[in-house]
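This report concerns only the one structure given below.
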Amino acid sequence: MSKITIRSAAAIVPGLALCGLVTAVAFALEALEEHLFGRAWLESLVLAILIGSIVRTFHKLDERFEAGIRFGAKTVLEIAVVLLGASISASAILEKGPDLIGGIAVVVLMVILGSYSIGRMAGLPSKMAILIACGNSICGNSAIAAVAPVIDANSKDVAASIAFTAVFGVMVVLILPFLVPVLSLSMMQYGIFAGMTVYAVPQVLAATAAVSQTSAQIGTLVKLVRVLMLGPVVLVLSLMGRKDSAYRTPISQMVPWFIIGFLALMALRSFNFIPQFAIQPAHFSANFLTIMSMAALGLGVDARSVLKAGGRVTIVVVLSLLVLSVASLGLIKLLGIA
């Protein structure tokens with residue numbers, strides 16, 4: 001038994017080392033962007049999957065790398081999802097009022113269903129439609145990365161979803177501030193609008209900090225509420241994925257171990273059972289492992305096959321963003337936020 005374990009561990013080393021190398025290059029390029037332009041237009045997560053895909057597309061990898069690449073794309077990603085729970089606290093958000101929190105939850109669920117429907121009508125595979133819907137509605141690449149192992153999405157769909165979502169995420173950050181006068185938004189309204197439509201927390205700050213401190217604060221808060229939806233959504237998808245099973249399985253076996261871990265760490269963080277000094281390392285580890293898993297996904301994808309889906313995916317992402325924007329403005333008006 002020990003020989004098999006040692007042999008299996010040795011088999012994944014070359015592939016994991018290659019994933020680590022791609023990850024290091026992605027971090028270096030992100031740092032170079034910040035040095036040259038003052039900000040990273042493409043984050044290391046996106047760069048990792050792009051670099052990995054480029055390597056795979058233009059260079060035939062030796063068979064010895066495959067086991068480590070598969071391990072990186074699945075197991076490493078699942079560990080990252082667990083650690084992500086330690087960086088999310090529900091307690092501070094629950095103090096901000098049930099109306100706004102409930103409204104955000106309703107909008108997220110509506111947009112997931114709407115985006116999924118758009119994707120299916122556009123002819124996208126079911127799993128890819130789910131990835132894009134969750135990415136647009138919750139937190140972009142992180143949501144796609146978390147949902148992918150639950151629905152057993154293939155590398156090609158994950159890579160395409162992340163690539164297109166990443167591009168439109170940057171576009172939203174650039175365009176959003178110009179909508180303040182066009183839509184006659186107050187600083188509070190713009191903060192909510194940005195928090196509801198921008199994919200990642202750093203992107204929310206980029207889209208709001210230059211406008212006002214109020215917008216940045218409320219935008220970050222709203223964004224965190226959206227991030228909190230990731231746990232319940234992934235849990236529901238996990239249960240739905242097993243609804244056609246011929247056997248009744250205990251709930252403990254129906255829910256993936258990493259989702260249980262994610263929810264457990266989030267609960268511990270919310271009740272302040274995780275020491276403050278451990279939160280930042282957990283957040284960094286989750287981020288690093290996520291990027292490493294994206295490098296693995298990229299290394300498993302030939303970009304030429306991904307680009308075939310480009311036109312339809314673009315249309316779906318654009319329409320999904322429009323649905324999210326309209327729903328977000330509707331929430332602001334419904335709650336009477338001035």
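How things are named: the first chain in the structure tokens is A, the next is B, and so on; residues count from 1 in each chain; ligands count from 1 in the order shown.
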Please, which residues in region 114-148 of chain A fall within 12 Å of region 63-80 of chain A when counting only C-alpha atoms, and what is the closest atom pair and distance in Å to one decimal for each, ordered by chain then residue number, as CSV?
residue,atom,partner,partner_atom,distance
A:Ser142,CA,A:Ala80,CA,10.1
A:Ala143,CA,A:Leu77,CA,11.7
A:Ile144,CA,A:Leu77,CA,11.0
A:Ala145,CA,A:Leu77,CA,7.3
A:Ala146,CA,A:Leu77,CA,7.6
A:Val147,CA,A:Glu78,CA,10.0
A:Ala148,CA,A:Lys74,CA,9.0
Check your understanding: In region 26-215 of chain A, what's helix (DSSP H, G or I) per DSSP? Answer as number ranges by chain?
Key -> A: 26-37, 44-58, 63-87, 91-94, 98-121, 126-139, 141-151, 155-182, 187-197, 201-208, 213-215
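If only C-alpha atoms are the atoms counted, then among A:Thr197, A:Ser215, A:Ser155, A:Gln189 the closest residue to Val172 (chain A) is A:Thr197.
CA of Gly15 (chain A) lies 24.9 Å from CA of Pro281 (chain A).
Checking A:Asp62, A:Gly330, A:Ile291, A:Leu235 one by one against Val25 (chain A), counting only C-alpha atoms, you find the shortest gap at A:Ile291.
CA of Pro177 (chain A) sits 21.4 Å away from CA of Phe164 (chain A).
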Review point. Which residues come within 9 Å of Leu299 (chain A), counting only C-alpha atoms, excluding same-chain residues fewer than 4 positions away, as a ChimeraX atom specification?
Key: /A:18-19,49-57,61,69,294-295
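Counting from CA of Val150 (chain A), the distance to CA of Val234 (chain A) is 7.0 Å.
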Check your understanding: So which residues touch Met128 (chain A) within 10 Å, counting only C-alpha atoms, skipping near sequence neighbours fewer than 6 positions away, as a PyMOL selection string?
Key -> chain A and resi 116+119-120+134+144+148+151+153-154+156-161+313
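For the set A:Ala207, A:Ile112, A:Ala24, A:Ala282, the residue with the smallest atom-to-atom gap to Arg269 (chain A) is A:Ala282, counting only C-alpha atoms.
You can rank A:Gly261, A:Pro149, A:Gly195, A:Gly336 by their closest distance to Thr220 (chain A) using only C-alpha atoms, and at the top of that list sits A:Gly195.
For the set A:Phe262, A:Phe58, A:Gly169, A:Ser320, the residue with the smallest atom-to-atom gap to Asn141 (chain A) is A:Gly169, counting only C-alpha atoms.
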Practice item. For Met121 (chain A), list every protein, DNA or RNA residue within 12 Å, evaluated using only C-alpha atoms, and leave out those in the same chain fewer than 4 positions away; present the list as a list in words. Key: Gly114, Ser115, Tyr116, Ser117, Pro125, Ser126, Ala129, Arg312, Val313, Ile315, Val316 and Leu319 of chain A
Deliver the residues from the most recent selection as a file, using N, CA, C and O atoms, as a PDB file, in the first residue's frame.
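Once written, out_32.pdb looks like this:
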ATOM      1  N   GLY A 114     -31.572  33.447 -15.096  1.00  0.00           N
ATOM      2  CA  GLY A 114     -31.682  34.160 -16.367  1.00  0.00           C
ATOM      3  C   GLY A 114     -30.477  33.920 -17.262  1.00  0.00           C
ATOM      4  O   GLY A 114     -30.615  33.660 -18.460  1.00  0.00           O
ATOM      5  N   SER A 115     -29.287  33.995 -16.679  1.00  0.00           N
ATOM      6  CA  SER A 115     -28.058  33.791 -17.452  1.00  0.00           C
ATOM      7  C   SER A 115     -27.960  32.357 -17.963  1.00  0.00           C
ATOM      8  O   SER A 115     -27.536  32.120 -19.102  1.00  0.00           O
ATOM      9  N   TYR A 116     -28.344  31.417 -17.119  1.00  0.00           N
ATOM     10  CA  TYR A 116     -28.323  30.017 -17.545  1.00  0.00           C
ATOM     11  C   TYR A 116     -29.276  29.812 -18.728  1.00  0.00           C
ATOM     12  O   TYR A 116     -28.928  29.130 -19.712  1.00  0.00           O
ATOM     13  N   SER A 117     -30.453  30.408 -18.650  1.00  0.00           N
ATOM     14  CA  SER A 117     -31.429  30.277 -19.733  1.00  0.00           C
ATOM     15  C   SER A 117     -30.886  30.878 -21.031  1.00  0.00           C
ATOM     16  O   SER A 117     -31.057  30.304 -22.112  1.00  0.00           O
ATOM     17  N   PRO A 125     -23.337  24.259 -23.981  1.00  0.00           N
ATOM     18  CA  PRO A 125     -23.561  23.063 -23.158  1.00  0.00           C
ATOM     19  C   PRO A 125     -24.058  23.463 -21.771  1.00  0.00           C
ATOM     20  O   PRO A 125     -23.739  24.555 -21.277  1.00  0.00           O
ATOM     21  N   SER A 126     -24.818  22.598 -21.142  1.00  0.00           N
ATOM     22  CA  SER A 126     -25.421  22.907 -19.847  1.00  0.00           C
ATOM     23  C   SER A 126     -24.391  23.333 -18.800  1.00  0.00           C
ATOM     24  O   SER A 126     -24.574  24.324 -18.099  1.00  0.00           O
ATOM     25  N   ALA A 129     -22.972  26.762 -19.473  1.00  0.00           N
ATOM     26  CA  ALA A 129     -23.975  27.782 -19.157  1.00  0.00           C
ATOM     27  C   ALA A 129     -24.034  28.034 -17.655  1.00  0.00           C
ATOM     28  O   ALA A 129     -24.178  29.172 -17.203  1.00  0.00           O
ATOM     29  N   ARG A 312     -20.501  32.582 -29.478  1.00  0.00           N
ATOM     30  CA  ARG A 312     -21.663  32.319 -28.622  1.00  0.00           C
ATOM     31  C   ARG A 312     -21.398  32.709 -27.175  1.00  0.00           C
ATOM     32  O   ARG A 312     -22.267  33.285 -26.504  1.00  0.00           O
ATOM     33  N   VAL A 313     -20.194  32.398 -26.681  1.00  0.00           N
ATOM     34  CA  VAL A 313     -19.867  32.736 -25.294  1.00  0.00           C
ATOM     35  C   VAL A 313     -19.885  34.255 -25.099  1.00  0.00           C
ATOM     36  O   VAL A 313     -20.381  34.757 -24.084  1.00  0.00           O
ATOM     37  N   ILE A 315     -21.646  36.507 -26.703  1.00  0.00           N
ATOM     38  CA  ILE A 315     -23.044  36.962 -26.677  1.00  0.00           C
ATOM     39  C   ILE A 315     -23.679  36.657 -25.329  1.00  0.00           C
ATOM     40  O   ILE A 315     -24.364  37.502 -24.733  1.00  0.00           O
ATOM     41  N   VAL A 316     -23.443  35.454 -24.832  1.00  0.00           N
ATOM     42  CA  VAL A 316     -24.048  35.049 -23.550  1.00  0.00           C
ATOM     43  C   VAL A 316     -23.530  35.911 -22.408  1.00  0.00           C
ATOM     44  O   VAL A 316     -24.312  36.371 -21.557  1.00  0.00           O
ATOM     45  N   LEU A 319     -25.080  39.514 -22.682  1.00  0.00           N
ATOM     46  CA  LEU A 319     -26.496  39.526 -22.296  1.00  0.00           C
ATOM     47  C   LEU A 319     -26.662  39.275 -20.805  1.00  0.00           C
ATOM     48  O   LEU A 319     -27.530  39.873 -20.153  1.00  0.00           O
TER      49      LEU A 319
END
